[in-house]
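Contents: one structure, followed by commentary.
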There are 2 protein chains.
Amino acid sequence: MGKNTNYTINDIAKMANVSRGTVDRVIHGRGTVSKRAYEKVRIVLDKIDYKPNLIAQSLKKGELSKIAALIPDHQYDVFWKRPLDGIEKVKQDYASLGVTIENFLFNPYNPQSFRENAIKILEKQFEGILVVPFFYKESLDFFKKCDEQSIPYITFNTFLEDANAVSHVGQDLKQSGRVAAELMNKIAHTNGKLLIIHIDEDLADSIHMQKKEMGFSHYNGQNPQNFELQVLRTSPSENIETILVDLLQFDPEIKGIYVTTSKVFLVANILQKYQIKKYLIGYDLIEENLSFLKSGIIDFLIFQNPEYQANLGISYLIDLLVFKKEIPKKKLLPIEIAMKENYKNYIQ
Amino acid sequence: MGKNTNYTINDIAKMANVSRGTVDRVIHGRGTVSKRAYEKVRIVLDKIDYKPNLIAQSLKKGELSKIAALIPDHQYDVFWKRPLDGIEKVKQDYASLGVTIENFLFNPYNPQSFRENAIKILEKQFEGILVVPFFYKESLDFFKKCDEQSIPYITFNTFLEDANAVSHVGQDLKQSGRVAAELMNKIAHTNGKLLIIHIDEDLADSIHMQKKEMGFSHYNGQNPQNFELQVLRTSPSENIETILVDLLQFDPEIKGIYVTTSKVFLVANILQKYQIKKYLIGYDLIEENLSFLKSGIIDFLIFQNPEYQANLGISYLIDLLVFKKEIPKKKLLPIEIAMKENYKNYIQ
DNA sequence: GTTTTTTTTGTGCTCGTACACTTAATTTTT
DNA sequence: AAAAATTAAGTGTACGAGCACAAAAAAAAC
């Protein structure tokens with residue numbers, strides 16, 4: 001299997017008894033070719049598996065493929081720093097093949113910023129796009145134009161049912177809620193109450209939080225030893241501190257807290273300040289969370305490898321554009337678990 | 001940054017006022033060049049950052065680099081199936097660049113098989129080698145010859161202090177023992193006794209088990225709420241069943257069991273058969289273990305992503321050989337944690 | 001039946017590097 | 001000082017694809 005029987009344009013020309021130029025015209029459907037010559041080439045082409053030599057192609061064209069990435073600016077949310085690093089890494093790897101990747105960073109608090117960057121991308125004529133469709137309406141507008149120009153795009157992190165993406169790379173949010181519930185179940189044996197906290201629910205990714213909650217309560221419901229659940233919605237603008245302290249002092253039956261976002265450090269902060277010990281599970285290996293993981297106030301941080309995620313998204317685009325390979329319609333990444341003793345190997 | 005100011009041999013020739021041929025001779029140190037011409041070229045070369053165009057190089061040479069991988073045959077131990085898959089994946093990715101990878105699989109129960117494959121590799125003249133130095137003496141013999149022929153090699157999975165490897169990709173075994181201890185600590189709150197079981201300790205990777213044990217007991221010792229530890233060494237040939245059942249019935253104080261290898265399914269089997277509930281932590285997402293993870297008999301499986309590990313090893317070799325990049329002397333991969341709710345995303 | 005126009009096919013050059021081969025310059029020999 | 005031998009420098013070609021242009025063949029016009 002996999003014998004390197006790679007035919008060249010020249011081989012085909014000889015086999016079909018025509019010139020290189022004719023083969024080229026048939027393969028690319030450009031120029032004019034007589035039916036007779038066309039047939040001769042087609043017969044050969046059907047018999048063999050011609051794969052153009054990417055090396056030669058790249059050498060000639062100077063550039064094989066132009067890819068754009070439209071992701072949130074990490075200036076506004078540090079979470080997006082590491083996906084960007086992931087993109088930068090593939091960028092270097094494939095630069096030698098003549099694939100260029102340009103990043104467009106939008107402000108995740110400003111739909112207009114998304115729209116502006118989308119326009120820039122359409123103007124510059126990329127062959128493929130990796131995009132975090134953060135804003136629903138704006139994203140669909142953008143995708144409509146991409147579809148018209150038949151530019152393939154891969155959605156990333158946020159899944160849009162109505163998008164016509166060639167692939168989606170993300171996480172299984174509901175399942176990640178289940179993972180949180182299983183962890184909580186394993187560490188807080190005794191029955192009691194659990195708190196689910198959504199922080200900043202007005203943001204565009206509130207749907208993320210809801211799916212996580214669904215997974216969590218679903219697992220909890222299935223489990224014989226189940227907990228009573230209480231959901232708390234809050235914004236950092238409100239005074240989360242007073243609400244939470246009141247709640248915890250009013251109801252000492254609460255054994256653990258599940259925070260559905262990376263903002264778990266806000267809760268950890270309060271637990272530390274008031275010297276309250278609760279089991280605490282949250283998301284993402286960001287700086288603010290790590291110190292609490294180290295000190296044991298946060299028990300587990302769930303996350304998905306963001307570099308790898310971005311890396312995979314770009315790799316899929318390259319597979320599609322350059323190698324003409326099939327790519328999966330949807331790829332859900334592993335739900336990773338970090339604690340005090342293993343988080344270090346994840347962050348470098 | 002990163003302007004594509006890539007000079008070609010021709011550019012350099014013009015700048016130095018010599019011919020392409022002379023530049024070529026200086027760069028590759030072949031043929032004869034007068035001191036005068038040499039100086040002229042060197043001056044230009046020192047001023048600019050010449051990076052040969054890999055595309056053109058590959059097109060001309062037809063093959064850029066030949067890499068060999070010497071790893072255990074998965075026919076004897078399924079664990080090695082997935083690293084092989086990881087290698088196959090990079091193989092495809094870089095084939096387009098003219099990098100070829102050939103696998104040599106040895107029998108992990110037979111040092112002679114390792115030696116034979118090593119000889120084959122040396123005969124075939126590879127430019128770089130990825131190797132699992134499973135057998136101490138045989139590996140050192142092999143490395144000596146590699147050093148003589150100055151063929152770079154990366155060790156993989158097994159670390160050999162005395163090897164002169166350009167890099168090592170593996171896991172932090174001691175730390176993985178600590179992770180196991182932290183998990184055990186989190187799920188088995190109450191004090192009591194824990195069992196550490198080494199299965200098949202006569203094998204070449206017994207050093208792996210000992211390091212894991214060290215990490216486990218070290219964490220346990222540091223912890224205020226510490227457990228009494230008991231170590232059990234056994235081979236599958238012995239009757240692990242009678243020993244274990246006796247032990248567990250004799251000492252009901254035992255709360256949990258830590259098995260230092262992927263053979264944890266042997267223990268799970270016994271627990272299931274005798275309807276004994278203990279916390280159980282072991283290694284690796286192999287088929288035999290997964291059913292017990294699903295049924296809840298195994299609580300956690302610790303592992304490192306084997307595809308990724310192999311992938312990284314090969315990528316480092318390519319970075320070194322093709323891109324002439326610096327690579328880290330040692331790369332320890334994350335220690336991953338799988339449970340019932342998250343293992344599926346790891347295995348495809 | 002010749003000229004013009006259109007269609008079809010074939011050839012040459014380019015991308016950047018590597019290497020064989022030729023030519024030029026220098027040194028050695030007689 | 002001229003011829004031979006050696007050393008140094010320069011040129012041509014190939015790798016495979018792509019595209020511009022030239023050449024040839026066929027069709028249309030006179």
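Convention: chains lettered A, B, ... in structure tokens order; per-chain residue numbering from 1; ligands numbered from 1 as shown.
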Got a sec to pull out which chain D residues are within 9 Å of chain B, counting only C-alpha atoms (C1' of nucleotides), and send them as a PDB file with all heavy atoms, in the first residue's frame?
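Listing of out11.pdb after writing:
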ATOM      1  P    DT D   7      45.304  20.754  -7.290  1.00  0.00           P
ATOM      2  OP1  DT D   7      46.085  20.715  -6.043  1.00  0.00           O
ATOM      3  OP2  DT D   7      44.357  19.676  -7.652  1.00  0.00           O
ATOM      4  O5'  DT D   7      44.542  22.139  -7.352  1.00  0.00           O
ATOM      5  C5'  DT D   7      45.284  23.357  -7.374  1.00  0.00           C
ATOM      6  C4'  DT D   7      44.371  24.476  -7.809  1.00  0.00           C
ATOM      7  O4'  DT D   7      43.991  24.325  -9.193  1.00  0.00           O
ATOM      8  C3'  DT D   7      43.063  24.584  -7.027  1.00  0.00           C
ATOM      9  O3'  DT D   7      42.980  25.885  -6.484  1.00  0.00           O
ATOM     10  C2'  DT D   7      41.979  24.315  -8.055  1.00  0.00           C
ATOM     11  C1'  DT D   7      42.678  24.769  -9.337  1.00  0.00           C
ATOM     12  N1   DT D   7      42.141  24.209 -10.613  1.00  0.00           N
ATOM     13  C2   DT D   7      41.807  25.080 -11.633  1.00  0.00           C
ATOM     14  O2   DT D   7      41.911  26.285 -11.543  1.00  0.00           O
ATOM     15  N3   DT D   7      41.329  24.468 -12.784  1.00  0.00           N
ATOM     16  C4   DT D   7      41.175  23.125 -12.988  1.00  0.00           C
ATOM     17  O4   DT D   7      40.752  22.710 -14.059  1.00  0.00           O
ATOM     18  C5   DT D   7      41.549  22.270 -11.888  1.00  0.00           C
ATOM     19  C7   DT D   7      41.409  20.798 -12.015  1.00  0.00           C
ATOM     20  C6   DT D   7      42.006  22.839 -10.751  1.00  0.00           C
ATOM     21  P    DA D   8      41.902  26.326  -5.411  1.00  0.00           P
ATOM     22  OP1  DA D   8      42.526  27.216  -4.413  1.00  0.00           O
ATOM     23  OP2  DA D   8      41.148  25.128  -4.992  1.00  0.00           O
ATOM     24  O5'  DA D   8      40.968  27.197  -6.351  1.00  0.00           O
ATOM     25  C5'  DA D   8      41.528  28.351  -6.980  1.00  0.00           C
ATOM     26  C4'  DA D   8      40.516  28.913  -7.965  1.00  0.00           C
ATOM     27  O4'  DA D   8      40.307  27.961  -9.034  1.00  0.00           O
ATOM     28  C3'  DA D   8      39.136  29.208  -7.368  1.00  0.00           C
ATOM     29  O3'  DA D   8      38.908  30.593  -7.561  1.00  0.00           O
ATOM     30  C2'  DA D   8      38.168  28.325  -8.154  1.00  0.00           C
ATOM     31  C1'  DA D   8      38.947  28.023  -9.428  1.00  0.00           C
ATOM     32  N9   DA D   8      38.657  26.739 -10.056  1.00  0.00           N
ATOM     33  C8   DA D   8      38.808  25.484  -9.523  1.00  0.00           C
ATOM     34  N7   DA D   8      38.506  24.506 -10.352  1.00  0.00           N
ATOM     35  C5   DA D   8      38.139  25.166 -11.520  1.00  0.00           C
ATOM     36  C6   DA D   8      37.704  24.692 -12.771  1.00  0.00           C
ATOM     37  N6   DA D   8      37.591  23.402 -13.072  1.00  0.00           N
ATOM     38  N1   DA D   8      37.403  25.622 -13.711  1.00  0.00           N
ATOM     39  C2   DA D   8      37.538  26.928 -13.405  1.00  0.00           C
ATOM     40  N3   DA D   8      37.943  27.481 -12.269  1.00  0.00           N
ATOM     41  C4   DA D   8      38.224  26.538 -11.348  1.00  0.00           C
ATOM     42  P    DA D   9      37.558  31.279  -7.000  1.00  0.00           P
ATOM     43  OP1  DA D   9      37.894  32.687  -6.695  1.00  0.00           O
ATOM     44  OP2  DA D   9      36.948  30.410  -5.994  1.00  0.00           O
ATOM     45  O5'  DA D   9      36.671  31.254  -8.310  1.00  0.00           O
ATOM     46  C5'  DA D   9      37.108  31.994  -9.454  1.00  0.00           C
ATOM     47  C4'  DA D   9      36.140  31.770 -10.587  1.00  0.00           C
ATOM     48  O4'  DA D   9      36.171  30.374 -10.965  1.00  0.00           O
ATOM     49  C3'  DA D   9      34.680  32.083 -10.253  1.00  0.00           C
ATOM     50  O3'  DA D   9      34.211  33.043 -11.171  1.00  0.00           O
ATOM     51  C2'  DA D   9      33.956  30.752 -10.383  1.00  0.00           C
ATOM     52  C1'  DA D   9      34.864  29.972 -11.306  1.00  0.00           C
ATOM     53  N9   DA D   9      34.818  28.525 -11.149  1.00  0.00           N
ATOM     54  C8   DA D   9      35.046  27.800 -10.011  1.00  0.00           C
ATOM     55  N7   DA D   9      34.946  26.496 -10.174  1.00  0.00           N
ATOM     56  C5   DA D   9      34.622  26.358 -11.511  1.00  0.00           C
ATOM     57  C6   DA D   9      34.369  25.226 -12.312  1.00  0.00           C
ATOM     58  N6   DA D   9      34.433  23.965 -11.852  1.00  0.00           N
ATOM     59  N1   DA D   9      34.067  25.429 -13.603  1.00  0.00           N
ATOM     60  C2   DA D   9      34.021  26.687 -14.068  1.00  0.00           C
ATOM     61  N3   DA D   9      34.241  27.837 -13.411  1.00  0.00           N
ATOM     62  C4   DA D   9      34.536  27.595 -12.130  1.00  0.00           C
ATOM     63  P    DG D  10      32.699  33.559 -11.138  1.00  0.00           P
ATOM     64  OP1  DG D  10      32.710  34.985 -11.519  1.00  0.00           O
ATOM     65  OP2  DG D  10      32.041  33.104  -9.908  1.00  0.00           O
ATOM     66  O5'  DG D  10      32.119  32.731 -12.375  1.00  0.00           O
ATOM     67  C5'  DG D  10      32.757  32.838 -13.649  1.00  0.00           C
ATOM     68  C4'  DG D  10      32.020  32.009 -14.669  1.00  0.00           C
ATOM     69  O4'  DG D  10      32.181  30.602 -14.337  1.00  0.00           O
ATOM     70  C3'  DG D  10      30.509  32.255 -14.723  1.00  0.00           C
ATOM     71  O3'  DG D  10      30.133  32.361 -16.094  1.00  0.00           O
ATOM     72  C2'  DG D  10      29.899  31.038 -14.056  1.00  0.00           C
ATOM     73  C1'  DG D  10      30.926  29.953 -14.376  1.00  0.00           C
ATOM     74  N9   DG D  10      30.978  28.867 -13.417  1.00  0.00           N
ATOM     75  C8   DG D  10      31.225  28.941 -12.074  1.00  0.00           C
ATOM     76  N7   DG D  10      31.228  27.784 -11.478  1.00  0.00           N
ATOM     77  C5   DG D  10      30.957  26.884 -12.498  1.00  0.00           C
ATOM     78  C6   DG D  10      30.830  25.465 -12.448  1.00  0.00           C
ATOM     79  O6   DG D  10      30.940  24.717 -11.483  1.00  0.00           O
ATOM     80  N1   DG D  10      30.543  24.938 -13.709  1.00  0.00           N
ATOM     81  C2   DG D  10      30.412  25.685 -14.860  1.00  0.00           C
ATOM     82  N2   DG D  10      30.146  24.990 -15.964  1.00  0.00           N
ATOM     83  N3   DG D  10      30.533  26.997 -14.917  1.00  0.00           N
ATOM     84  C4   DG D  10      30.801  27.529 -13.692  1.00  0.00           C
ATOM     85  P    DT D  11      28.614  32.708 -16.478  1.00  0.00           P
ATOM     86  OP1  DT D  11      28.656  33.596 -17.654  1.00  0.00           O
ATOM     87  OP2  DT D  11      27.882  33.088 -15.261  1.00  0.00           O
ATOM     88  O5'  DT D  11      28.106  31.274 -16.952  1.00  0.00           O
ATOM     89  C5'  DT D  11      28.843  30.583 -17.959  1.00  0.00           C
ATOM     90  C4'  DT D  11      28.116  29.314 -18.348  1.00  0.00           C
ATOM     91  O4'  DT D  11      28.270  28.320 -17.303  1.00  0.00           O
ATOM     92  C3'  DT D  11      26.611  29.460 -18.587  1.00  0.00           C
ATOM     93  O3'  DT D  11      26.311  28.766 -19.792  1.00  0.00           O
ATOM     94  C2'  DT D  11      25.982  28.837 -17.340  1.00  0.00           C
ATOM     95  C1'  DT D  11      27.006  27.757 -16.995  1.00  0.00           C
ATOM     96  N1   DT D  11      27.084  27.326 -15.574  1.00  0.00           N
ATOM     97  C2   DT D  11      27.026  25.982 -15.295  1.00  0.00           C
ATOM     98  O2   DT D  11      26.899  25.123 -16.143  1.00  0.00           O
ATOM     99  N3   DT D  11      27.135  25.669 -13.954  1.00  0.00           N
ATOM    100  C4   DT D  11      27.282  26.557 -12.901  1.00  0.00           C
ATOM    101  O4   DT D  11      27.369  26.160 -11.744  1.00  0.00           O
ATOM    102  C5   DT D  11      27.320  27.944 -13.268  1.00  0.00           C
ATOM    103  C7   DT D  11      27.490  28.983 -12.191  1.00  0.00           C
ATOM    104  C6   DT D  11      27.219  28.267 -14.577  1.00  0.00           C
ATOM    105  P    DA D  14      17.501  18.580 -19.050  1.00  0.00           P
ATOM    106  OP1  DA D  14      17.624  17.477 -20.016  1.00  0.00           O
ATOM    107  OP2  DA D  14      16.641  19.751 -19.359  1.00  0.00           O
ATOM    108  O5'  DA D  14      17.031  17.973 -17.669  1.00  0.00           O
ATOM    109  C5'  DA D  14      17.907  17.171 -16.881  1.00  0.00           C
ATOM    110  C4'  DA D  14      17.390  17.169 -15.460  1.00  0.00           C
ATOM    111  O4'  DA D  14      17.813  18.407 -14.831  1.00  0.00           O
ATOM    112  C3'  DA D  14      15.869  17.124 -15.382  1.00  0.00           C
ATOM    113  O3'  DA D  14      15.457  15.979 -14.669  1.00  0.00           O
ATOM    114  C2'  DA D  14      15.464  18.409 -14.676  1.00  0.00           C
ATOM    115  C1'  DA D  14      16.746  18.919 -14.051  1.00  0.00           C
ATOM    116  N9   DA D  14      16.865  20.373 -14.064  1.00  0.00           N
ATOM    117  C8   DA D  14      16.676  21.236 -15.113  1.00  0.00           C
ATOM    118  N7   DA D  14      16.848  22.491 -14.809  1.00  0.00           N
ATOM    119  C5   DA D  14      17.159  22.465 -13.458  1.00  0.00           C
ATOM    120  C6   DA D  14      17.455  23.487 -12.535  1.00  0.00           C
ATOM    121  N6   DA D  14      17.475  24.773 -12.847  1.00  0.00           N
ATOM    122  N1   DA D  14      17.734  23.115 -11.268  1.00  0.00           N
ATOM    123  C2   DA D  14      17.713  21.815 -10.961  1.00  0.00           C
ATOM    124  N3   DA D  14      17.452  20.764 -11.738  1.00  0.00           N
ATOM    125  C4   DA D  14      17.181  21.166 -12.986  1.00  0.00           C
ATOM    126  P    DC D  15      13.938  15.502 -14.823  1.00  0.00           P
ATOM    127  OP1  DC D  15      13.954  14.029 -14.971  1.00  0.00           O
ATOM    128  OP2  DC D  15      13.269  16.346 -15.823  1.00  0.00           O
ATOM    129  O5'  DC D  15      13.303  15.881 -13.423  1.00  0.00           O
ATOM    130  C5'  DC D  15      13.894  15.505 -12.180  1.00  0.00           C
ATOM    131  C4'  DC D  15      13.280  16.360 -11.099  1.00  0.00           C
ATOM    132  O4'  DC D  15      13.904  17.657 -11.156  1.00  0.00           O
ATOM    133  C3'  DC D  15      11.796  16.649 -11.299  1.00  0.00           C
ATOM    134  O3'  DC D  15      11.043  15.685 -10.579  1.00  0.00           O
ATOM    135  C2'  DC D  15      11.609  18.059 -10.725  1.00  0.00           C
ATOM    136  C1'  DC D  15      13.035  18.595 -10.563  1.00  0.00           C
ATOM    137  N1   DC D  15      13.302  19.903 -11.211  1.00  0.00           N
ATOM    138  C2   DC D  15      13.955  20.909 -10.489  1.00  0.00           C
ATOM    139  O2   DC D  15      14.267  20.683  -9.312  1.00  0.00           O
ATOM    140  N3   DC D  15      14.199  22.110 -11.094  1.00  0.00           N
ATOM    141  C4   DC D  15      13.829  22.299 -12.362  1.00  0.00           C
ATOM    142  N4   DC D  15      14.110  23.493 -12.912  1.00  0.00           N
ATOM    143  C5   DC D  15      13.186  21.288 -13.117  1.00  0.00           C
ATOM    144  C6   DC D  15      12.940  20.125 -12.511  1.00  0.00           C
ATOM    145  P    DG D  16       9.815  14.938 -11.301  1.00  0.00           P
ATOM    146  OP1  DG D  16       9.379  13.831 -10.445  1.00  0.00           O
ATOM    147  OP2  DG D  16      10.177  14.696 -12.698  1.00  0.00           O
ATOM    148  O5'  DG D  16       8.711  16.072 -11.282  1.00  0.00           O
ATOM    149  C5'  DG D  16       7.986  16.313 -10.091  1.00  0.00           C
ATOM    150  C4'  DG D  16       7.045  17.458 -10.327  1.00  0.00           C
ATOM    151  O4'  DG D  16       7.785  18.633 -10.681  1.00  0.00           O
ATOM    152  C3'  DG D  16       6.033  17.232 -11.456  1.00  0.00           C
ATOM    153  O3'  DG D  16       4.760  17.469 -10.890  1.00  0.00           O
ATOM    154  C2'  DG D  16       6.421  18.234 -12.520  1.00  0.00           C
ATOM    155  C1'  DG D  16       7.106  19.322 -11.706  1.00  0.00           C
ATOM    156  N9   DG D  16       8.128  20.100 -12.409  1.00  0.00           N
ATOM    157  C8   DG D  16       8.975  19.680 -13.397  1.00  0.00           C
ATOM    158  N7   DG D  16       9.807  20.608 -13.808  1.00  0.00           N
ATOM    159  C5   DG D  16       9.484  21.715 -13.044  1.00  0.00           C
ATOM    160  C6   DG D  16      10.034  23.023 -13.043  1.00  0.00           C
ATOM    161  O6   DG D  16      10.958  23.470 -13.729  1.00  0.00           O
ATOM    162  N1   DG D  16       9.422  23.848 -12.100  1.00  0.00           N
ATOM    163  C2   DG D  16       8.398  23.454 -11.278  1.00  0.00           C
ATOM    164  N2   DG D  16       7.927  24.360 -10.432  1.00  0.00           N
ATOM    165  N3   DG D  16       7.864  22.225 -11.268  1.00  0.00           N
ATOM    166  C4   DG D  16       8.456  21.417 -12.177  1.00  0.00           C
TER     167       DG D  16
END
- Message: Contacts from chain B to chain A, 7 Å maximum, only C-alpha atoms: show me the residue list as a VMD selection string.
- Response: chain B and resid 54 to 56 59 96 to 97 178 to 179 186 to 187 332 to 335 337 341 to 342 345 to 346
Proximity check chain C to chain A, 8 Å, nearest pairs one decimal Å, only C-alpha atoms (C1' of nucleotides), as JSON lines:
{"residue": "C:DT7", "atom": "C1'", "partner": "A:Thr32", "partner_atom": "CA", "distance": 7.7}
{"residue": "C:DT8", "atom": "C1'", "partner": "A:Val33", "partner_atom": "CA", "distance": 6.4}
{"residue": "C:DT9", "atom": "C1'", "partner": "A:Thr22", "partner_atom": "CA", "distance": 7.0}
{"residue": "C:DG10", "atom": "C1'", "partner": "A:Ser19", "partner_atom": "CA", "distance": 6.2}
{"residue": "C:DT14", "atom": "C1'", "partner": "A:Lys60", "partner_atom": "CA", "distance": 7.4}
{"residue": "C:DC15", "atom": "C1'", "partner": "A:Lys60", "partner_atom": "CA", "distance": 4.6}
{"residue": "C:DG16", "atom": "C1'", "partner": "A:Leu59", "partner_atom": "CA", "distance": 7.9}
Using the selection just defined, write its residues with all heavy atoms as a compact mmCIF listing (two decimals), in the first residue's frame.
# COMPACT_ATOMS: atom_id res chain seq x y z
P DT C 7 -13.20 30.32 -32.26
OP1 DT C 7 -14.63 30.06 -32.04
OP2 DT C 7 -12.44 31.29 -31.43
O5' DT C 7 -12.43 28.92 -32.23
C5' DT C 7 -12.78 27.93 -33.20
C4' DT C 7 -11.72 26.86 -33.23
O4' DT C 7 -10.46 27.43 -33.67
C3' DT C 7 -11.42 26.23 -31.87
O3' DT C 7 -11.59 24.83 -32.00
C2' DT C 7 -9.98 26.60 -31.56
C1' DT C 7 -9.42 26.79 -32.96
N1 DT C 7 -8.22 27.65 -33.08
C2 DT C 7 -7.06 27.11 -33.64
O2 DT C 7 -6.99 25.97 -34.03
N3 DT C 7 -6.01 27.99 -33.72
C4 DT C 7 -5.99 29.30 -33.32
O4 DT C 7 -4.98 29.98 -33.45
C5 DT C 7 -7.21 29.81 -32.75
C7 DT C 7 -7.28 31.22 -32.29
C6 DT C 7 -8.26 28.97 -32.65
P DT C 8 -11.64 23.86 -30.74
OP1 DT C 8 -12.48 22.70 -31.06
OP2 DT C 8 -11.91 24.69 -29.56
O5' DT C 8 -10.13 23.35 -30.71
C5' DT C 8 -9.65 22.55 -31.78
C4' DT C 8 -8.15 22.44 -31.70
O4' DT C 8 -7.55 23.73 -31.77
C3' DT C 8 -7.62 21.80 -30.41
O3' DT C 8 -7.14 20.51 -30.74
C2' DT C 8 -6.50 22.74 -29.96
C1' DT C 8 -6.26 23.60 -31.20
N1 DT C 8 -5.73 24.95 -30.96
C2 DT C 8 -4.44 25.25 -31.41
O2 DT C 8 -3.73 24.44 -32.00
N3 DT C 8 -4.03 26.54 -31.16
C4 DT C 8 -4.75 27.53 -30.52
O4 DT C 8 -4.26 28.65 -30.36
C5 DT C 8 -6.07 27.16 -30.08
C7 DT C 8 -6.93 28.17 -29.38
C6 DT C 8 -6.49 25.89 -30.31
P DT C 9 -6.51 19.55 -29.64
OP1 DT C 9 -6.67 18.16 -30.12
OP2 DT C 9 -7.02 19.95 -28.32
O5' DT C 9 -4.97 19.92 -29.75
C5' DT C 9 -4.30 19.69 -30.98
C4' DT C 9 -2.87 20.19 -30.87
O4' DT C 9 -2.88 21.62 -30.66
C3' DT C 9 -2.07 19.60 -29.71
O3' DT C 9 -0.96 18.90 -30.25
C2' DT C 9 -1.66 20.79 -28.86
C1' DT C 9 -1.76 21.94 -29.86
N1 DT C 9 -2.02 23.28 -29.26
C2 DT C 9 -1.08 24.27 -29.47
O2 DT C 9 -0.06 24.12 -30.11
N3 DT C 9 -1.40 25.49 -28.89
C4 DT C 9 -2.54 25.79 -28.16
O4 DT C 9 -2.71 26.90 -27.70
C5 DT C 9 -3.46 24.70 -27.97
C7 DT C 9 -4.72 24.90 -27.19
C6 DT C 9 -3.16 23.50 -28.53
P DG C 10 0.12 18.17 -29.33
OP1 DG C 10 0.62 16.97 -30.05
OP2 DG C 10 -0.43 18.04 -27.96
O5' DG C 10 1.29 19.24 -29.31
C5' DG C 10 1.78 19.72 -30.57
C4' DG C 10 2.89 20.73 -30.32
O4' DG C 10 2.32 21.95 -29.80
C3' DG C 10 3.95 20.29 -29.33
O3' DG C 10 5.23 20.59 -29.89
C2' DG C 10 3.66 21.11 -28.08
C1' DG C 10 3.05 22.37 -28.65
N9 DG C 10 2.12 23.06 -27.77
C8 DG C 10 0.97 22.54 -27.22
N7 DG C 10 0.32 23.41 -26.49
C5 DG C 10 1.08 24.56 -26.57
C6 DG C 10 0.87 25.84 -25.99
O6 DG C 10 -0.05 26.21 -25.26
N1 DG C 10 1.90 26.74 -26.32
C2 DG C 10 2.96 26.44 -27.13
N2 DG C 10 3.84 27.42 -27.34
N3 DG C 10 3.17 25.25 -27.69
C4 DG C 10 2.19 24.37 -27.36
P DT C 14 13.26 32.81 -17.94
OP1 DT C 14 13.58 34.24 -17.98
OP2 DT C 14 14.32 31.77 -17.97
O5' DT C 14 12.37 32.53 -16.65
C5' DT C 14 11.14 33.24 -16.45
C4' DT C 14 10.46 32.66 -15.23
O4' DT C 14 9.90 31.37 -15.59
C3' DT C 14 11.43 32.42 -14.07
O3' DT C 14 11.14 33.32 -13.02
C2' DT C 14 11.22 30.98 -13.68
C1' DT C 14 10.00 30.52 -14.47
N1 DT C 14 10.08 29.13 -14.98
C2 DT C 14 9.07 28.26 -14.67
O2 DT C 14 8.11 28.55 -14.01
N3 DT C 14 9.23 26.99 -15.18
C4 DT C 14 10.29 26.54 -15.97
O4 DT C 14 10.31 25.38 -16.37
C5 DT C 14 11.32 27.52 -16.24
C7 DT C 14 12.50 27.12 -17.06
C6 DT C 14 11.17 28.76 -15.74
P DC C 15 12.27 33.58 -11.90
OP1 DC C 15 12.18 35.00 -11.49
OP2 DC C 15 13.56 33.03 -12.36
O5' DC C 15 11.76 32.67 -10.71
C5' DC C 15 10.46 32.83 -10.15
C4' DC C 15 10.15 31.63 -9.30
O4' DC C 15 9.84 30.52 -10.16
C3' DC C 15 11.34 31.16 -8.46
O3' DC C 15 11.26 31.78 -7.19
C2' DC C 15 11.15 29.66 -8.36
C1' DC C 15 10.17 29.32 -9.49
N1 DC C 15 10.71 28.39 -10.52
C2 DC C 15 9.98 27.25 -10.89
O2 DC C 15 8.91 27.02 -10.33
N3 DC C 15 10.49 26.42 -11.85
C4 DC C 15 11.65 26.70 -12.42
N4 DC C 15 12.10 25.85 -13.37
C5 DC C 15 12.41 27.85 -12.07
C6 DC C 15 11.91 28.66 -11.12
P DG C 16 12.59 32.48 -6.58
OP1 DG C 16 12.21 33.24 -5.38
OP2 DG C 16 13.32 33.13 -7.67
O5' DG C 16 13.43 31.22 -6.12
C5' DG C 16 13.04 30.52 -4.95
C4' DG C 16 13.99 29.36 -4.72
O4' DG C 16 13.93 28.47 -5.85
C3' DG C 16 15.46 29.76 -4.56
O3' DG C 16 15.94 29.11 -3.41
C2' DG C 16 16.12 29.27 -5.85
C1' DG C 16 15.24 28.10 -6.24
N9 DG C 16 15.18 27.80 -7.67
C8 DG C 16 15.19 28.70 -8.71
N7 DG C 16 15.08 28.13 -9.88
C5 DG C 16 14.99 26.78 -9.60
C6 DG C 16 14.86 25.66 -10.47
O6 DG C 16 14.78 25.66 -11.70
N1 DG C 16 14.79 24.45 -9.76
C2 DG C 16 14.85 24.35 -8.40
N2 DG C 16 14.77 23.14 -7.90
N3 DG C 16 14.98 25.39 -7.58
C4 DG C 16 15.04 26.55 -8.24
- as a ChimeraX atom specification, please: all residues of range 99-233 of chain B that backbone DSSP puts in alpha helix (DSSP H). /B:111-124,136-148,173-187,206-222
- Task: Determine which residues of range 113-205 of chain A receive a DSSP assignment of strand (DSSP E or B), computed from the backbone, and state them as a PyMOL selection string.
- Result: chain A and resi 128-131+153-156+167-171+193-199
- Query: So which residues touch range 78-90 of chain B within 8 Å, counting only C-alpha atoms (C1' of nucleotides), skipping near sequence neighbours fewer than 2 positions away, as a ChimeraX atom specification?
  - Reply: /B:71-76,92-94,284,286,306-311,314-315
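Compared by their closest atoms to DA27 in chain D, and using only C-alpha atoms (C1' of nucleotides), the residues C:DT26, C:DT11, C:DT5, C:DT17 rank with C:DT5 nearest.
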